[in-house]
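Next comes input-v4.cif, a file with mmCIF, C-alpha atoms; chains and numbers go by the auth columns.
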data_structure
loop_
_atom_site.group_PDB
_atom_site.id
_atom_site.type_symbol
_atom_site.label_atom_id
_atom_site.label_comp_id
_atom_site.label_asym_id
_atom_site.label_seq_id
_atom_site.Cartn_x
_atom_site.Cartn_y
_atom_site.Cartn_z
_atom_site.B_iso_or_equiv
_atom_site.auth_seq_id
_atom_site.auth_asym_id
ATOM 1 C CA MET A 1 -19.678 30.086 10.055 0.00 1 P
ATOM 2 C CA ASP A 2 -22.844 28.212 8.998 0.00 2 P
ATOM 3 C CA GLN A 3 -22.700 29.933 5.607 0.00 3 P
ATOM 4 C CA VAL A 4 -19.079 28.805 5.141 0.00 4 P
ATOM 5 C CA VAL A 5 -19.951 25.185 6.005 0.00 5 P
ATOM 6 C CA SER A 6 -22.924 25.285 3.615 0.00 6 P
ATOM 7 C CA ALA A 7 -20.744 26.667 0.813 0.00 7 P
ATOM 8 C CA ASP A 8 -18.234 23.859 1.365 0.00 8 P
ATOM 9 C CA MET A 9 -20.956 21.221 1.165 0.00 9 P
ATOM 10 C CA ASP A 10 -22.194 22.748 -2.101 0.00 10 P
ATOM 11 C CA ASP A 11 -18.710 22.822 -3.657 0.00 11 P
ATOM 12 C CA THR A 12 -19.147 19.765 -5.859 0.00 12 P
ATOM 13 C CA TRP A 13 -17.923 18.997 -9.352 0.00 13 P
ATOM 14 C CA THR A 14 -19.913 17.272 -12.075 0.00 14 P
ATOM 15 C CA VAL A 15 -18.911 15.033 -14.971 0.00 15 P
ATOM 16 C CA ALA A 16 -21.399 13.492 -17.407 0.00 16 P
ATOM 17 C CA GLY A 17 -24.278 14.382 -15.084 0.00 17 P
ATOM 18 C CA ARG A 18 -22.710 12.754 -12.005 0.00 18 P
ATOM 19 C CA SER A 19 -21.783 14.987 -9.058 0.00 19 P
ATOM 20 C CA PHE A 20 -18.994 14.350 -6.542 0.00 20 P
ATOM 21 C CA ARG A 21 -17.911 16.043 -3.326 0.00 21 P
ATOM 22 C CA SER A 22 -14.451 14.495 -3.262 0.00 22 P
ATOM 23 C CA ARG A 23 -12.050 16.014 -5.790 0.00 23 P
ATOM 24 C CA LEU A 24 -9.601 13.140 -5.457 0.00 24 P
ATOM 25 C CA VAL A 25 -9.883 10.207 -7.874 0.00 25 P
ATOM 26 C CA VAL A 26 -7.670 7.232 -7.053 0.00 26 P
ATOM 27 C CA GLY A 27 -6.551 4.050 -8.750 0.00 27 P
ATOM 28 C CA THR A 28 -6.969 0.490 -7.553 0.00 28 P
ATOM 29 C CA GLY A 29 -3.715 -1.077 -8.756 0.00 29 P
ATOM 30 C CA ARG A 30 -0.154 -1.605 -7.518 0.00 30 P
ATOM 31 C CA TYR A 31 -1.057 -2.253 -3.874 0.00 31 P
ATOM 32 C CA LYS A 32 0.347 -5.292 -2.077 0.00 32 P
ATOM 33 C CA ASP A 33 -3.132 -6.820 -1.758 0.00 33 P
ATOM 34 C CA LEU A 34 -6.820 -5.995 -2.030 0.00 34 P
ATOM 35 C CA GLU A 35 -7.117 -5.351 1.716 0.00 35 P
ATOM 36 C CA GLU A 36 -4.562 -2.555 1.479 0.00 36 P
ATOM 37 C CA THR A 37 -6.305 -1.261 -1.646 0.00 37 P
ATOM 38 C CA ALA A 38 -9.603 -0.956 0.227 0.00 38 P
ATOM 39 C CA ALA A 39 -8.029 0.674 3.298 0.00 39 P
ATOM 40 C CA ALA A 40 -6.173 3.291 1.244 0.00 40 P
ATOM 41 C CA ILE A 41 -9.220 4.170 -0.844 0.00 41 P
ATOM 42 C CA GLU A 42 -11.323 4.537 2.294 0.00 42 P
ATOM 43 C CA ALA A 43 -8.709 6.846 3.829 0.00 43 P
ATOM 44 C CA SER A 44 -8.529 8.958 0.662 0.00 44 P
ATOM 45 C CA GLY A 45 -12.189 9.901 0.824 0.00 45 P
ATOM 46 C CA ALA A 46 -12.446 9.295 -2.937 0.00 46 P
ATOM 47 C CA GLU A 47 -15.849 8.602 -4.477 0.00 47 P
ATOM 48 C CA MET A 48 -14.541 7.579 -7.911 0.00 48 P
ATOM 49 C CA VAL A 49 -11.907 4.896 -8.527 0.00 49 P
ATOM 50 C CA THR A 50 -10.153 3.890 -11.732 0.00 50 P
ATOM 51 C CA VAL A 51 -9.997 0.235 -12.701 0.00 51 P
ATOM 52 C CA ALA A 52 -7.490 -1.117 -15.230 0.00 52 P
ATOM 53 C CA VAL A 53 -9.758 -3.482 -17.140 0.00 53 P
ATOM 54 C CA ARG A 54 -6.908 -5.590 -18.534 0.00 54 P
ATOM 55 C CA ARG A 55 -5.246 -6.128 -15.146 0.00 55 P
ATOM 56 C CA VAL A 56 -8.047 -6.537 -12.593 0.00 56 P
ATOM 57 C CA ASN A 57 -10.381 -9.483 -12.121 0.00 57 P
ATOM 58 C CA LEU A 58 -13.926 -8.272 -12.640 0.00 58 P
ATOM 59 C CA SER A 59 -15.654 -11.455 -13.774 0.00 59 P
ATOM 60 C CA ASP A 60 -14.055 -14.643 -12.380 0.00 60 P
ATOM 61 C CA PRO A 61 -15.862 -15.451 -9.103 0.00 61 P
ATOM 62 C CA LYS A 62 -13.277 -18.141 -8.256 0.00 62 P
ATOM 63 C CA ALA A 63 -10.469 -15.574 -7.938 0.00 63 P
ATOM 64 C CA PRO A 64 -10.235 -12.575 -5.566 0.00 64 P
ATOM 65 C CA MET A 65 -12.421 -9.812 -6.945 0.00 65 P
ATOM 66 C CA LEU A 66 -11.985 -6.073 -6.512 0.00 66 P
ATOM 67 C CA GLN A 67 -15.739 -5.677 -6.003 0.00 67 P
ATOM 68 C CA ASP A 68 -15.520 -7.709 -2.781 0.00 68 P
ATOM 69 C CA PHE A 69 -13.216 -5.103 -1.261 0.00 69 P
ATOM 70 C CA VAL A 70 -14.190 -1.885 -3.065 0.00 70 P
ATOM 71 C CA ASP A 71 -17.981 -1.833 -3.242 0.00 71 P
ATOM 72 C CA PRO A 72 -19.232 -0.618 -6.659 0.00 72 P
ATOM 73 C CA LYS A 73 -22.412 0.541 -4.904 0.00 73 P
ATOM 74 C CA LYS A 74 -20.325 2.906 -2.786 0.00 74 P
ATOM 75 C CA TYR A 75 -17.762 4.013 -5.378 0.00 75 P
ATOM 76 C CA THR A 76 -18.137 5.027 -9.010 0.00 76 P
ATOM 77 C CA TYR A 77 -15.991 2.651 -11.037 0.00 77 P
ATOM 78 C CA LEU A 78 -14.104 4.269 -13.904 0.00 78 P
ATOM 79 C CA PRO A 79 -12.795 1.526 -16.223 0.00 79 P
ATOM 80 C CA ASN A 80 -9.610 2.595 -17.993 0.00 80 P
ATOM 81 C CA THR A 81 -7.399 1.374 -20.792 0.00 81 P
ATOM 82 C CA ALA A 82 -4.091 1.219 -18.918 0.00 82 P
ATOM 83 C CA GLY A 83 -1.604 -0.817 -20.917 0.00 83 P
ATOM 84 C CA CYS A 84 -3.209 -0.113 -24.283 0.00 84 P
ATOM 85 C CA HIS A 85 -0.842 1.156 -26.980 0.00 85 P
ATOM 86 C CA THR A 86 -3.193 1.359 -29.958 0.00 86 P
ATOM 87 C CA ALA A 87 -6.615 2.838 -30.571 0.00 87 P
ATOM 88 C CA ASN A 88 -8.022 -0.592 -31.475 0.00 88 P
ATOM 89 C CA GLU A 89 -6.795 -2.104 -28.195 0.00 89 P
ATOM 90 C CA ALA A 90 -8.346 0.716 -26.180 0.00 90 P
ATOM 91 C CA VAL A 91 -11.713 0.592 -27.937 0.00 91 P
ATOM 92 C CA ARG A 92 -11.916 -3.210 -27.674 0.00 92 P
ATOM 93 C CA THR A 93 -11.005 -3.104 -23.973 0.00 93 P
ATOM 94 C CA LEU A 94 -13.727 -0.606 -23.087 0.00 94 P
ATOM 95 C CA ARG A 95 -16.349 -2.424 -25.129 0.00 95 P
ATOM 96 C CA LEU A 96 -15.542 -5.562 -23.140 0.00 96 P
ATOM 97 C CA ALA A 97 -15.776 -3.572 -19.900 0.00 97 P
ATOM 98 C CA ARG A 98 -19.226 -2.340 -20.836 0.00 98 P
ATOM 99 C CA GLU A 99 -20.350 -5.877 -21.595 0.00 99 P
ATOM 100 C CA ALA A 100 -18.941 -7.150 -18.288 0.00 100 P
ATOM 101 C CA GLY A 101 -20.192 -4.427 -15.968 0.00 101 P
ATOM 102 C CA GLY A 102 -22.420 -2.076 -17.887 0.00 102 P
ATOM 103 C CA TRP A 103 -19.991 0.820 -17.457 0.00 103 P
ATOM 104 C CA ASN A 104 -20.486 3.717 -19.839 0.00 104 P
ATOM 105 C CA LEU A 105 -18.366 6.413 -18.142 0.00 105 P
ATOM 106 C CA VAL A 106 -14.782 5.448 -18.966 0.00 106 P
ATOM 107 C CA LYS A 107 -11.209 6.695 -18.925 0.00 107 P
ATOM 108 C CA LEU A 108 -9.380 6.527 -22.228 0.00 108 P
ATOM 109 C CA GLU A 109 -5.600 6.406 -22.420 0.00 109 P
ATOM 110 C CA VAL A 110 -3.535 5.342 -25.422 0.00 110 P
ATOM 111 C CA LEU A 111 0.136 5.187 -24.497 0.00 111 P
ATOM 112 C CA GLY A 112 3.298 5.545 -26.500 0.00 112 P
ATOM 113 C CA PRO A 113 6.129 3.014 -26.072 0.00 113 P
ATOM 114 C CA PRO A 114 8.343 2.634 -22.989 0.00 114 P
ATOM 115 C CA PRO A 115 10.228 4.120 -21.309 0.00 115 P
ATOM 116 C CA HIS A 116 8.273 7.393 -21.278 0.00 116 P
ATOM 117 C CA LEU A 117 4.721 6.076 -21.982 0.00 117 P
ATOM 118 C CA TYR A 118 3.742 9.554 -23.169 0.00 118 P
ATOM 119 C CA PRO A 119 0.165 9.907 -24.475 0.00 119 P
ATOM 120 C CA ASP A 120 -0.096 8.822 -28.110 0.00 120 P
ATOM 121 C CA MET A 121 -2.275 11.665 -29.321 0.00 121 P
ATOM 122 C CA PRO A 122 -3.080 10.380 -32.851 0.00 122 P
ATOM 123 C CA GLY A 123 -4.190 7.090 -31.292 0.00 123 P
ATOM 124 C CA THR A 124 -6.115 8.973 -28.600 0.00 124 P
ATOM 125 C CA PHE A 125 -8.039 11.018 -31.178 0.00 125 P
ATOM 126 C CA GLU A 126 -8.871 7.874 -33.146 0.00 126 P
ATOM 127 C CA ALA A 127 -10.076 5.944 -30.094 0.00 127 P
ATOM 128 C CA ALA A 128 -12.030 8.885 -28.670 0.00 128 P
ATOM 129 C CA GLU A 129 -13.909 9.332 -31.943 0.00 129 P
ATOM 130 C CA ALA A 130 -14.868 5.633 -32.071 0.00 130 P
ATOM 131 C CA LEU A 131 -15.921 5.479 -28.421 0.00 131 P
ATOM 132 C CA ILE A 132 -18.009 8.653 -28.527 0.00 132 P
ATOM 133 C CA LYS A 133 -19.725 7.385 -31.669 0.00 133 P
ATOM 134 C CA ASP A 134 -20.423 4.166 -29.735 0.00 134 P
ATOM 135 C CA GLY A 135 -22.179 6.062 -26.934 0.00 135 P
ATOM 136 C CA PHE A 136 -19.420 6.094 -24.307 0.00 136 P
ATOM 137 C CA GLU A 137 -18.874 9.060 -21.987 0.00 137 P
ATOM 138 C CA VAL A 138 -15.134 9.542 -22.351 0.00 138 P
ATOM 139 C CA MET A 139 -12.802 11.061 -19.792 0.00 139 P
ATOM 140 C CA VAL A 140 -9.561 11.326 -21.720 0.00 140 P
ATOM 141 C CA TYR A 141 -5.898 11.247 -20.679 0.00 141 P
ATOM 142 C CA CYS A 142 -3.840 13.506 -22.889 0.00 142 P
ATOM 143 C CA ALA A 143 -0.701 15.551 -23.368 0.00 143 P
ATOM 144 C CA ASP A 144 -0.462 18.916 -21.643 0.00 144 P
ATOM 145 C CA ASP A 145 -1.220 20.593 -24.966 0.00 145 P
ATOM 146 C CA PRO A 146 -4.000 23.219 -25.069 0.00 146 P
ATOM 147 C CA LEU A 147 -4.698 22.595 -28.762 0.00 147 P
ATOM 148 C CA ALA A 148 -5.057 18.832 -28.302 0.00 148 P
ATOM 149 C CA ALA A 149 -7.177 19.331 -25.183 0.00 149 P
ATOM 150 C CA HIS A 150 -9.514 21.709 -26.997 0.00 150 P
ATOM 151 C CA ARG A 151 -9.869 19.306 -29.925 0.00 151 P
ATOM 152 C CA LEU A 152 -10.820 16.451 -27.572 0.00 152 P
ATOM 153 C CA GLU A 153 -13.418 18.633 -25.871 0.00 153 P
ATOM 154 C CA GLN A 154 -14.862 19.672 -29.250 0.00 154 P
ATOM 155 C CA MET A 155 -15.096 15.992 -30.204 0.00 155 P
ATOM 156 C CA GLY A 156 -17.334 15.383 -27.188 0.00 156 P
ATOM 157 C CA CYS A 157 -15.083 14.118 -24.388 0.00 157 P
ATOM 158 C CA VAL A 158 -16.715 14.764 -21.004 0.00 158 P
ATOM 159 C CA ALA A 159 -13.481 15.504 -19.123 0.00 159 P
ATOM 160 C CA ILE A 160 -9.930 16.407 -20.105 0.00 160 P
ATOM 161 C CA MET A 161 -7.063 14.875 -18.107 0.00 161 P
ATOM 162 C CA PRO A 162 -3.634 16.260 -19.046 0.00 162 P
ATOM 163 C CA LEU A 163 -0.576 14.660 -17.514 0.00 163 P
ATOM 164 C CA GLY A 164 1.406 16.485 -14.847 0.00 164 P
ATOM 165 C CA ALA A 165 4.476 14.360 -15.612 0.00 165 P
ATOM 166 C CA PRO A 166 5.075 10.880 -17.090 0.00 166 P
ATOM 167 C CA ILE A 167 3.015 8.054 -15.576 0.00 167 P
ATOM 168 C CA GLY A 168 4.483 6.721 -12.333 0.00 168 P
ATOM 169 C CA SER A 169 7.357 9.228 -12.332 0.00 169 P
ATOM 170 C CA GLY A 170 6.344 11.117 -9.191 0.00 170 P
ATOM 171 C CA LEU A 171 7.956 14.251 -10.637 0.00 171 P
ATOM 172 C CA GLY A 172 5.014 16.518 -9.875 0.00 172 P
ATOM 173 C CA ILE A 173 3.500 19.098 -12.203 0.00 173 P
ATOM 174 C CA GLN A 174 6.187 20.017 -14.712 0.00 174 P
ATOM 175 C CA ASN A 175 4.293 22.493 -16.902 0.00 175 P
ATOM 176 C CA PRO A 176 1.847 24.560 -14.822 0.00 176 P
ATOM 177 C CA ALA A 177 1.592 27.233 -17.540 0.00 177 P
ATOM 178 C CA MET A 178 0.158 24.789 -20.079 0.00 178 P
ATOM 179 C CA LEU A 179 -2.210 23.290 -17.499 0.00 179 P
ATOM 180 C CA SER A 180 -3.449 26.797 -16.683 0.00 180 P
ATOM 181 C CA LEU A 181 -4.148 27.453 -20.376 0.00 181 P
ATOM 182 C CA ILE A 182 -6.071 24.183 -20.668 0.00 182 P
ATOM 183 C CA ILE A 183 -8.141 25.007 -17.579 0.00 183 P
ATOM 184 C CA GLU A 184 -8.824 28.549 -18.784 0.00 184 P
ATOM 185 C CA GLN A 185 -10.327 27.431 -22.097 0.00 185 P
ATOM 186 C CA ALA A 186 -12.150 24.274 -20.969 0.00 186 P
ATOM 187 C CA LYS A 187 -15.914 24.052 -20.507 0.00 187 P
ATOM 188 C CA VAL A 188 -15.703 20.486 -19.169 0.00 188 P
ATOM 189 C CA PRO A 189 -13.882 19.294 -16.023 0.00 189 P
ATOM 190 C CA VAL A 190 -10.090 19.245 -16.113 0.00 190 P
ATOM 191 C CA LEU A 191 -8.222 16.734 -13.935 0.00 191 P
ATOM 192 C CA VAL A 192 -4.467 16.560 -13.602 0.00 192 P
ATOM 193 C CA ASP A 193 -3.609 12.925 -14.238 0.00 193 P
ATOM 194 C CA ALA A 194 -0.221 11.210 -13.817 0.00 194 P
ATOM 195 C CA GLY A 195 3.012 12.383 -12.276 0.00 195 P
ATOM 196 C CA VAL A 196 1.772 13.378 -8.818 0.00 196 P
ATOM 197 C CA GLY A 197 4.309 12.160 -6.261 0.00 197 P
ATOM 198 C CA THR A 198 3.340 13.724 -2.953 0.00 198 P
ATOM 199 C CA ALA A 199 0.756 15.910 -1.272 0.00 199 P
ATOM 200 C CA SER A 200 2.223 19.243 -2.382 0.00 200 P
ATOM 201 C CA ASP A 201 1.915 18.176 -6.045 0.00 201 P
ATOM 202 C CA ALA A 202 -1.799 17.498 -5.579 0.00 202 P
ATOM 203 C CA ALA A 203 -2.283 20.846 -3.828 0.00 203 P
ATOM 204 C CA ILE A 204 -0.573 22.676 -6.707 0.00 204 P
ATOM 205 C CA GLY A 205 -2.900 21.043 -9.228 0.00 205 P
ATOM 206 C CA MET A 206 -5.916 22.221 -7.271 0.00 206 P
ATOM 207 C CA GLU A 207 -4.477 25.706 -6.756 0.00 207 P
ATOM 208 C CA LEU A 208 -4.132 26.023 -10.532 0.00 208 P
ATOM 209 C CA GLY A 209 -7.891 25.450 -10.811 0.00 209 P
ATOM 210 C CA CYS A 210 -8.176 21.769 -11.720 0.00 210 P
ATOM 211 C CA ASP A 211 -11.567 20.294 -10.907 0.00 211 P
ATOM 212 C CA ALA A 212 -9.939 17.190 -9.424 0.00 212 P
ATOM 213 C CA VAL A 213 -6.699 15.218 -9.191 0.00 213 P
ATOM 214 C CA LEU A 214 -6.314 11.622 -10.371 0.00 214 P
ATOM 215 C CA LEU A 215 -3.476 9.500 -8.984 0.00 215 P
ATOM 216 C CA ASN A 216 -2.477 5.949 -8.110 0.00 216 P
ATOM 217 C CA SER A 217 1.257 5.314 -7.698 0.00 217 P
ATOM 218 C CA ALA A 218 1.755 8.202 -5.275 0.00 218 P
ATOM 219 C CA ILE A 219 -0.381 6.355 -2.728 0.00 219 P
ATOM 220 C CA ALA A 220 0.276 2.730 -3.678 0.00 220 P
ATOM 221 C CA HIS A 221 4.082 3.147 -3.738 0.00 221 P
ATOM 222 C CA ALA A 222 4.312 5.207 -0.552 0.00 222 P
ATOM 223 C CA ARG A 223 5.993 3.583 2.430 0.00 223 P
ATOM 224 C CA GLU A 224 2.642 3.814 4.258 0.00 224 P
ATOM 225 C CA PRO A 225 -0.108 3.954 1.606 0.00 225 P
ATOM 226 C CA VAL A 226 -3.015 4.527 3.990 0.00 226 P
ATOM 227 C CA LEU A 227 -1.253 7.472 5.609 0.00 227 P
ATOM 228 C CA MET A 228 -0.365 8.928 2.203 0.00 228 P
ATOM 229 C CA ALA A 229 -4.000 8.558 1.159 0.00 229 P
ATOM 230 C CA ARG A 230 -4.971 10.751 4.112 0.00 230 P
ATOM 231 C CA ALA A 231 -2.301 13.261 3.103 0.00 231 P
ATOM 232 C CA MET A 232 -3.631 13.408 -0.462 0.00 232 P
ATOM 233 C CA LYS A 233 -7.173 13.963 0.775 0.00 233 P
ATOM 234 C CA ALA A 234 -6.026 16.893 2.910 0.00 234 P
ATOM 235 C CA ALA A 235 -3.853 18.315 0.112 0.00 235 P
ATOM 236 C CA VAL A 236 -6.664 18.314 -2.439 0.00 236 P
ATOM 237 C CA GLU A 237 -8.985 19.996 0.046 0.00 237 P
ATOM 238 C CA ALA A 238 -6.343 22.608 0.958 0.00 238 P
ATOM 239 C CA GLY A 239 -5.552 23.326 -2.686 0.00 239 P
ATOM 240 C CA ARG A 240 -9.226 23.783 -3.483 0.00 240 P
ATOM 241 C CA PHE A 241 -9.690 26.161 -0.547 0.00 241 P
ATOM 242 C CA ALA A 242 -6.657 28.163 -1.702 0.00 242 P
ATOM 243 C CA TYR A 243 -7.998 28.364 -5.264 0.00 243 P
ATOM 244 C CA ARG A 244 -11.373 29.578 -4.048 0.00 244 P
ATOM 245 C CA ALA A 245 -9.782 32.074 -1.654 0.00 245 P
ATOM 246 C CA GLY A 246 -7.560 33.599 -4.351 0.00 246 P
ATOM 247 C CA ARG A 247 -3.843 33.867 -3.648 0.00 247 P
ATOM 248 C CA MET A 248 -2.140 37.167 -2.932 0.00 248 P
ATOM 249 C CA PRO A 249 -0.406 38.848 -5.903 0.00 249 P
ATOM 250 C CA ARG A 250 3.238 37.991 -6.547 0.00 250 P
ATOM 251 C CA ARG A 251 5.665 40.922 -6.434 0.00 251 P
ATOM 252 C CA MET A 252 9.390 41.346 -6.844 0.00 252 P
ATOM 253 C CA GLY A 253 9.951 43.563 -3.808 0.00 253 P
ATOM 254 C CA ALA A 254 8.964 43.338 -0.171 0.00 254 P
ATOM 255 C CA ASP A 255 5.665 44.599 1.168 0.00 255 P
ATOM 256 C CA PRO A 256 5.718 44.977 4.978 0.00 256 P
ATOM 257 C CA SER A 257 2.888 43.209 6.749 0.00 257 P
ATOM 258 C CA SER A 258 2.700 45.908 9.431 0.00 258 P
ATOM 259 C CA PRO A 259 1.776 49.532 8.597 0.00 259 P
ATOM 260 C CA LEU A 260 4.681 51.993 8.527 0.00 260 P
ATOM 261 C CA GLY A 261 2.589 54.967 9.660 0.00 261 P
ATOM 262 C CA GLY A 262 2.050 55.839 13.300 0.00 262 P
ATOM 263 C CA LEU A 263 5.278 54.336 14.589 0.00 263 P
ATOM 264 C CA ILE A 264 6.449 55.185 18.097 0.00 264 P
ATOM 265 C CA ARG A 265 9.465 57.433 17.762 0.00 265 P
#

Target format structure tokens, applied to this file:
Amino acid sequence: MDQVVSADMDDTWTVAGRSFRSRLVVGTGRYKDLEETAAAIEASGAEMVTVAVRRVNLSDPKAPMLQDFVDPKKYTYLPNTAGCHTANEAVRTLRLAREAGGWNLVKLEVLGPPPHLYPDMPGTFEAAEALIKDGFEVMVYCADDPLAAHRLEQMGCVAIMPLGAPIGSGLGIQNPAMLSLIIEQAKVPVLVDAGVGTASDAAIGMELGCDAVLLNSAIAHAREPVLMARAMKAAVEAGRFAYRAGRMPRRMGADPSSPLGGLIR
């Protein structure tokens, strides 16, 4: 038993030289207030939180500040480019974030137009190249495309984050085969990002072999966000255990769980 506990404690993941025990990364937006934000994040057990630079107050001390409720000494802040639709917007936003808070590890997303907000991959490649050249450590949101994911890794992105489904849709992982291919080829962490709606979706992502799951709306839009945060924590842990354990093979026919030999006649 002690060996099992020790192995669990050692089961960390690392991105850009930073190690984390929690494999759940959560957002800080869309909650009813900052108190609820803090309570849900605490319940999730997350150690890394995403921050939409264009939508959250990080510098005006006269207005409510996220840092007063979610301590940047306790959590790793991951500034992101939510709401950016061009490479120039995304690069400018993250340069401002670095000036404001000194953040170098960032999440890049360049979105296509509504209503689908699908990743704009040409814009993503352009922004990633500029940011990496500028010394940023880029965790990148992308399409569930193994070729695009490999290209981003070759460019120098420190983590690949393919979508499970469109942002905020709650549809769950729609293309597990492509995610599996991305995971299989990657030498950097892979996080499923966007589309998770409930705990089973998060567990599936982990069972596929993702290093972590990133989500926001699934908790913030739940009827009881703090309770859903606890559910997501448990789901990510269960999915990781299942991945490490190795699932039984699938088969078309039945395989009786009890031996057929030695029956009482």

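Each of P:Gln67, P:Pro162, P:Thr76, P:Val188 was compared to Val15 in chain P using all atoms listed in the file, and P:Val188 turns out to be the nearest.
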
* Just the residues within 6 Å of range 154-160 of chain P, please, counting only C-alpha atoms, with nothing from its chain fewer than 6 positions along; format it as a VMD selection string. => chain P and resid 138 to 140 188 to 190

* Asked: Using all atoms listed in the file, which residues sit within 12 Å of Arg92 in chain P once same-chain residues fewer than 2 positions away are excluded, as a ChimeraX atom specification?
  -> /P:53-54,80-81,84-90,94-99,108,127,130-131,134

So that all listed atoms of range 208-221 of chain P fit with 4 Å spare on each side, what axis-aligned box centre and edge lengths in Å, to one decimal, would you give as lines of an AutoDock Vina configuration file?
center_x = -3.7
center_y = 14.4
center_z = -7.2
size_x = 23.6
size_y = 31.3
size_z = 17.0

* Might you pull out every residue within 12 Å of range 222-233 of chain P, with all atoms listed in the file counted and same-chain residues fewer than 2 positions away left off, and present them as a PyMOL selection string? => chain P and resi 21-28+30-33+35-47+168+170+196-206+212-220+235-240
